[in-house]
Structure formats: C-alpha cells, structure tokens
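Q: Quick one, entry-v8.txt (compact mmCIF, C-alpha atoms):
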```txt
# COMPACT_ATOMS: atom_id res chain seq x y z
CA MET Y 134 56.45 208.57 119.79
CA LYS Y 135 52.85 209.07 120.85
CA ASN Y 136 49.91 206.72 121.01
CA LEU Y 137 46.26 207.24 121.74
CA TYR Y 138 44.87 205.29 124.71
CA GLY Y 139 41.17 205.93 124.37
CA GLN Y 140 41.13 209.65 123.68
CA ILE Y 141 44.28 210.49 125.62
CA GLU Y 142 47.57 211.20 123.91
CA ILE Y 143 50.40 209.33 125.66
CA LEU Y 144 54.15 209.32 125.10
CA GLU Y 145 55.55 205.80 124.77
CA SER Y 146 58.52 206.79 126.94
CA TYR Y 147 59.73 209.78 128.94
CA PRO Y 148 61.74 212.46 127.12
CA TYR Y 149 65.48 212.16 127.70
CA GLY Y 150 66.62 213.57 131.05
CA GLN Y 151 63.17 213.66 132.64
CA ASP Y 152 62.43 211.73 135.84
CA PHE Y 153 59.10 209.98 136.32
CA TYR Y 154 59.42 209.90 140.12
CA ALA Y 155 60.35 212.68 142.58
CA GLY Y 156 63.98 212.24 143.59
CA GLY Y 157 64.78 210.01 140.63
CA ILE Y 158 65.18 206.27 140.34
CA ASN Y 159 67.18 205.94 143.58
CA GLN Y 160 64.40 207.57 145.59
CA LEU Y 161 61.86 205.30 143.91
CA GLN Y 162 63.89 202.23 144.85
CA LYS Y 163 64.35 203.57 148.38
CA GLU Y 164 60.59 203.92 148.83
CA MET Y 165 59.98 200.48 147.31
CA VAL Y 166 62.37 198.97 149.88
CA GLN Y 167 60.55 200.79 152.69
CA ILE Y 168 57.19 199.50 151.45
CA VAL Y 169 58.46 195.92 151.17
CA LYS Y 170 59.66 196.03 154.79
CA ALA Y 171 56.55 197.78 156.10
CA GLN Y 172 54.25 195.31 154.32
CA LYS Y 173 56.50 192.38 155.37
CA LEU Y 174 56.39 190.95 151.87
CA LEU Y 175 57.75 187.43 151.52
CA PRO Y 176 60.47 186.42 149.05
CA CYS Y 177 59.77 184.41 145.91
CA GLU Y 178 60.75 180.73 145.91
CA LYS Y 179 62.92 181.29 142.82
CA GLU Y 180 64.67 184.30 141.35
CA GLU Y 181 62.15 186.28 139.36
CA LYS Y 182 61.94 189.65 137.66
CA TYR Y 183 58.96 191.52 136.27
CA SER Y 184 59.09 194.69 134.19
CA ILE Y 185 55.99 196.67 135.01
CA GLN Y 186 54.76 199.55 132.83
CA VAL Y 187 52.56 202.32 134.15
CA ILE Y 188 50.99 205.35 132.54
CA VAL Y 189 51.78 208.50 134.52
CA TYR Y 190 49.03 210.99 133.74
CA ASP Y 191 49.33 214.77 133.67
CA ASN Y 192 47.76 214.94 137.17
CA SER Y 193 50.42 212.54 138.59
CA THR Y 194 48.06 209.58 138.95
CA ILE Y 195 48.95 206.25 137.38
CA SER Y 196 47.38 203.19 135.82
CA TYR Y 197 48.89 199.89 134.70
CA VAL Y 198 49.60 199.23 131.06
CA LYS Y 199 47.86 195.99 130.10
CA ASP Y 200 50.41 193.21 129.72
CA PHE Y 201 49.35 190.68 127.09
CA ASP Y 202 52.38 188.45 127.56
CA THR Y 203 50.62 185.86 129.72
CA VAL Y 204 53.48 183.38 129.33
CA GLU Y 205 55.98 185.83 130.83
CA ILE Y 206 53.57 186.70 133.63
CA GLN Y 207 53.16 183.03 134.55
CA LYS Y 208 56.95 182.53 134.52
CA ASN Y 209 57.32 185.44 136.94
CA ARG Y 210 53.99 185.25 138.75
CA CYS Y 211 55.48 185.92 142.18
CA ALA Y 212 57.30 189.06 140.97
CA PHE Y 213 54.15 190.18 139.15
CA ASP Y 214 52.06 189.88 142.33
CA PHE Y 215 54.90 191.50 144.31
CA SER Y 216 54.75 194.60 142.10
CA ARG Y 217 50.98 194.87 142.53
CA LYS Y 218 51.44 195.01 146.32
CA ILE Y 219 54.02 197.80 146.10
CA PHE Y 220 52.77 200.24 143.48
CA PRO Y 221 49.53 201.42 145.19
CA HIS Y 222 51.77 202.87 147.96
CA LEU Y 223 53.95 204.91 145.59
CA LYS Y 224 52.57 208.44 145.42
CA ARG Y 225 55.22 210.83 144.05
CA TRP Y 226 54.95 210.34 140.30
CA ILE Y 227 55.98 213.16 137.97
CA PRO Y 228 54.24 213.59 134.61
CA ALA Y 229 56.29 214.14 131.48
CA LYS Y 230 56.64 217.59 129.99
CA GLU Y 231 56.44 218.47 126.33
CA ASN Y 232 56.40 221.99 124.91
CA GLY Y 233 56.05 223.37 128.44
CA LYS Y 234 52.94 221.31 129.23
CA PHE Y 235 52.42 218.17 131.28
CA ILE Y 236 51.53 215.12 129.23
CA ALA Y 237 50.88 211.48 130.03
CA ALA Y 238 53.78 209.07 129.42
CA ILE Y 239 54.72 205.46 130.05
CA ALA Y 240 57.31 204.57 132.70
CA LYS Y 241 58.92 201.12 132.87
CA ILE Y 242 60.26 199.78 136.17
CA ASP Y 243 61.95 196.45 136.88
CA VAL Y 244 60.75 194.70 140.02
CA ILE Y 245 63.16 192.10 141.42
CA PRO Y 246 61.88 190.79 144.78
CA PHE Y 247 65.29 189.34 145.79
CA TYR Y 248 66.96 192.75 145.53
CA LEU Y 249 64.16 194.65 147.25
CA ILE Y 250 63.92 192.23 150.19
CA ASN Y 251 67.69 192.09 150.74
CA SER Y 252 68.41 195.74 149.95
CA LYS Y 253 69.87 198.15 152.47
CA ASP Y 254 67.63 201.03 153.51
CA ASP Y 255 69.35 203.26 150.95
CA PRO Y 256 69.93 201.31 147.70
CA LYS Y 257 73.03 203.44 147.06
CA ASP Y 258 74.71 201.49 149.88
CA ASN Y 259 74.07 198.09 148.30
CA GLU Y 260 77.13 196.01 147.44
CA THR Y 261 77.16 193.47 144.62
CA LYS Y 262 80.13 191.21 143.98
CA LYS Y 263 80.59 189.16 140.82
CA PRO Y 264 81.52 185.47 140.97
CA THR Y 265 85.22 184.59 140.99
CA PHE Y 266 86.95 181.31 140.14
CA LYS Y 267 88.88 180.17 143.20
CA LYS Y 268 91.95 179.17 141.15
CA GLY Y 269 91.89 182.50 139.30
CA ILE Y 270 90.09 183.54 136.13
CA GLU Y 271 93.21 183.00 134.01
CA ALA Y 272 93.34 179.34 135.09
CA PHE Y 273 89.67 178.94 134.19
CA GLY Y 274 90.14 180.63 130.81
CA PHE Y 275 93.08 178.33 130.03
CA GLU Y 276 90.98 175.22 130.75
CA VAL Y 277 88.08 176.49 128.65
CA LYS Y 278 90.39 177.36 125.75
CA SER Y 279 92.01 173.89 125.92
CA ILE Y 280 88.59 172.23 125.71
CA PHE Y 281 87.37 174.30 122.77
CA GLU Y 282 90.62 173.86 120.84
CA ARG Y 283 89.88 170.14 120.50
CA TYR Y 284 86.90 171.04 118.32
CA ILE Y 285 88.49 173.83 116.22
CA LYS Y 286 90.74 173.13 113.27
CA LYS Y 287 94.25 174.46 113.47
CA ASN Y 288 94.54 178.01 112.15
CA GLU Y 289 90.79 178.25 111.59
CA TYR Y 290 89.22 181.66 112.19
CA LYS Y 291 86.59 181.00 114.81
CA ILE Y 292 84.48 183.19 117.08
CA ALA Y 293 82.61 181.45 119.86
CA SER Y 294 81.33 182.27 123.30
CA LEU Y 295 80.37 180.35 126.39
CA THR Y 296 77.80 181.42 128.97
CA PHE Y 297 76.85 179.59 132.13
CA ILE Y 298 75.36 180.22 135.54
CA VAL Y 299 77.37 180.18 138.74
CA ASN Y 300 74.83 179.11 141.34
CA GLU Y 301 74.58 180.02 145.02
CA ASN Y 302 76.84 177.11 145.96
CA GLY Y 303 79.62 178.03 143.52
CA GLY Y 304 78.76 175.33 140.99
CA MET Y 305 78.40 175.79 137.23
CA GLU Y 306 75.15 175.01 135.41
CA ASP Y 307 73.07 175.83 132.34
CA PHE Y 308 75.94 175.96 129.81
CA LYS Y 309 75.16 177.67 126.49
CA ILE Y 310 77.56 177.74 123.54
CA GLU Y 311 77.41 180.20 120.65
CA GLY Y 312 79.32 179.43 117.49
CA GLU Y 313 79.36 176.95 114.63
CA PHE Y 314 79.56 173.56 116.33
CA SER Y 315 77.66 170.36 115.64
CA ASP Y 316 75.14 169.14 118.23
CA SER Y 317 77.47 166.27 119.03
CA ASP Y 318 80.43 168.63 119.60
CA ARG Y 319 78.32 170.92 121.76
CA LYS Y 320 77.33 167.99 123.94
CA ASP Y 321 80.95 166.83 124.26
CA ILE Y 322 82.16 170.36 125.05
CA ILE Y 323 79.54 170.80 127.77
CA ASN Y 324 80.43 167.42 129.28
CA SER Y 325 84.09 168.48 129.39
CA LEU Y 326 83.25 171.89 130.85
CA SER Y 327 81.18 170.32 133.61
CA ARG Y 328 84.23 168.31 134.67
CA ILE Y 329 86.50 171.34 135.18
CA LYS Y 330 87.96 170.97 138.65
CA GLY Y 331 87.66 173.85 141.08
CA LYS Y 332 84.73 175.83 142.41
CA TRP Y 333 83.62 179.41 142.23
CA ASN Y 334 82.95 181.99 144.87
CA PRO Y 335 79.32 182.83 144.02
CA ALA Y 336 78.05 186.31 143.30
CA THR Y 337 76.76 188.10 146.38
CA PHE Y 338 74.32 190.92 147.02
CA ASN Y 339 74.98 192.46 150.44
CA ASN Y 340 76.86 189.23 151.27
CA ILE Y 341 73.90 187.03 150.24
CA PRO Y 342 74.82 184.51 147.49
CA PHE Y 343 72.74 184.47 144.31
CA LYS Y 344 72.87 183.03 140.82
CA MET Y 345 74.64 185.02 138.12
CA ARG Y 346 75.28 184.28 134.45
CA VAL Y 347 78.91 184.50 133.34
CA ARG Y 348 80.13 185.01 129.75
CA GLN Y 349 83.47 183.75 128.47
CA PRO Y 350 84.25 184.93 124.90
CA LEU Y 351 86.58 182.88 122.69
CA LEU Y 352 88.40 183.97 119.55
CA GLN Y 353 90.84 182.10 117.34
CA ARG Y 354 92.31 184.23 114.57
CA TYR Y 355 93.32 183.03 111.13
CA ASP Y 356 97.07 183.50 110.75
CA LEU Y 357 97.98 183.72 107.04
CA GLN Y 358 101.72 183.67 107.74
CA ALA Y 359 101.40 180.52 109.86
CA GLU Y 360 99.30 178.89 107.14
CA MET Y 361 101.92 179.67 104.47
CA GLU Y 362 104.70 178.33 106.69
CA ASP Y 363 102.74 175.11 107.26
CA ARG Y 364 102.26 174.69 103.51
CA ASP Y 365 105.98 175.27 102.85
CA ARG Y 366 106.90 172.64 105.42
CA MET Y 367 104.49 170.14 103.89
CA MET Y 368 105.80 170.82 100.36
CA ASN Y 369 109.39 170.40 101.51
CA GLN Y 370 108.52 167.20 103.31
CA ASN Y 371 106.72 165.80 100.25
CA TYR Y 372 109.69 166.77 98.05
CA HIS Y 373 112.18 164.96 100.29
CA ASN Y 374 109.94 161.91 100.59
CA ASN Y 375 109.32 161.61 96.85
CA ARG Y 376 112.63 162.67 95.30
CA PRO Y 377 114.54 159.99 93.31
CA ARG Y 378 117.08 158.02 95.31
```
Could you render the structure from this file as structure tokens?
A:
Amino acid sequence: MKNLYGQIEILESYPYGQDFYAGGINQLQKEMVQIVKAQKLLPCEKEEKYSIQVIVYDNSTISYVKDFDTVEIQKNRCAFDFSRKIFPHLKRWIPAKENGKFIAAIAKIDVIPFYLINSKDDPKDNETKKPTFKKGIEAFGFEVKSIFERYIKKNEYKIASLTFIVNENGGMEDFKIEGEFSDSDRKDIINSLSRIKGKWNPATFNNIPFKMRVRQPLLQRYDLQAEMEDRDRMMNQNYHNNRPR
C-alpha cells in the first residue's frame, strides 16, 4: 500500500523478500551493537522496547516517521532516546524497489537496549534460555491444573490460560488469567498460584537473567460418555433409595 508524505509516494512496508539494510537484519543488529559500545550508551533502569519507524528514501537517506503515540513514548522513554542516539550512525540503508525503480518505503525496527548492551559482537552468537521450573514443568503443570480444577465444574468444557512473569530472581509475578471466571475466583486462583512452592531458573540472555512472560494453557474437555454414565449412576441410586420396601 502506498501513501503520500507531502508530494512523495511511499510504500507503507518493504516488498516481501527485500532488505532495507545492506547485509540484512543481522548486519543491522551487528552495527547497532558496535555503535552502542563505541558510544558507551548506558542501560535503561527498567526493561524497555521501542519500535522505531523510518522512511528510507530512493537515495538511501532516512527520516523518522512521526510517532503520535505519546503515551507509549513516555512508557519507553529511555528506549526511545536510545534509538535516537544510534540511528544517525547507521549509513547503509537500501531503498525499496518496485517495477525496477527505487522507491521510498517505511522500515520498522525494534530497539531493545537490554539486548543491544548485553549482545555479543555478532548477534548470531547470542544465546537465550527460557525459564525452567526447578521441580520440572510437569510438576508445575500438575499444581496449576489442581488449582484451576477447584473452580471448574466436573465435566464442564472449559478453555483457560494463565500467563505470568518469571523475574530475574526466579519468582513469579504479574499473573493474568484468561477464561470465564468471576473476579472473586480470579483473585482466589492468583492467591493459590502465588503460594506454589518451588522456584524457577530465570530466563537468561548470554547468561544474564531477565524477566520473561510464560504462558500455561489449560483445557478441560466435555466428555459426553462420562456425563451419561454419571446420570445412569444417579438414576440407579435414586431408584434404589426410593423403591418400595
């Protein structure tokens, strides 16, 4: 799709398969890491991420796309400022091509100061490990299932999911529950979840711990056969209890 910025026709994104930086995204990240180290940029106090958009013109120069989301900028002010210190040093932009001609297009790049500061010289060598429950994920899943089952009727078809953050110290925080539960039940479930014994090994990036959100899906299927068997048992029990003596 094209838009007009002033009198210039600009593609809203690059055509499929085209790179907007010489050497591709890995080379772009590699140069960003080099710039961060050369400029001795300082880390943000909290984990932040800013998605910056630039217009790459047909002559390989760039300009920033105006971001009107002031709330998001304020939430990620450090990452926003971080990006502004990096991008003037990036020089190898490639314009988009359409019908054999260069044309201006918008490129979107995520800037995450934590990753850039702690990255290896070549981002391809970075190592990220997901969090793991020290007692084993099956043990954790069993405890979560046991908690949720207290708030689900027997043989009720129910889809729910749990997300939470494993922090740098291996603790759980910021629980979020999706599914049809009352506010009171949600509160009780979260209180029970927070009391699960056992800690996590936190996620690491090049052996440096960081926060990561974990998702635990839950599904209870409706079993028609089990429901019919339960009804038969109840009918038989009622018959025996109420038959003439």
Q: Atom CA of Y:Arg348 and atom CA of Y:Ser315, how far apart in Å?
A: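 Between these atoms lies a distance of 20.5 Å.
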Q: Using all atoms listed in the file, which of the listed residues (Y:Asn209, Y:Ser325, Y:Thr203, Y:Ser146) sits closest to Y:Ser279?
A: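 Looking only at the distances to Y:Ser279, the closest residue turns out to be Y:Ser325.
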Q: Using only C-alpha atoms, find the one residue out of Y:Ala212, Y:Val198, Y:Ile219, Y:Ile270 that sits nearest to Y:Ile239.
A: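 So, comparing all the options, the nearest one is Y:Val198.
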Q: Between Y:Lys253, Y:Lys268, Y:Lys234, Y:Arg319, which has the minimum distance to Y:Lys332 (counting only C-alpha atoms)?
A: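 Distance minimum relative to Y:Lys332 lands on Y:Lys268.
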Q: Record the distance separating atom CA of Y:Leu351 and atom CA of Y:Thr337, expressed in Å with one decimal.
A: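 These atoms are spaced 26.2 Å apart.
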Q: To one decimal place in Å, what is the distance between atom CA of Y:Pro264 and atom CA of Y:Pro246?
A: 20.7 Å
Q: Point out the residue among Y:Glu306, Y:Asp318, Y:Asp258, Y:Glu276 with the least atom-to-atom distance to Y:Met345, counting all atoms listed in the file.
A: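 Of Y:Glu306, Y:Asp318, Y:Asp258, Y:Glu276, the one nearest Y:Met345 is Y:Glu306, counting all atoms listed in the file.
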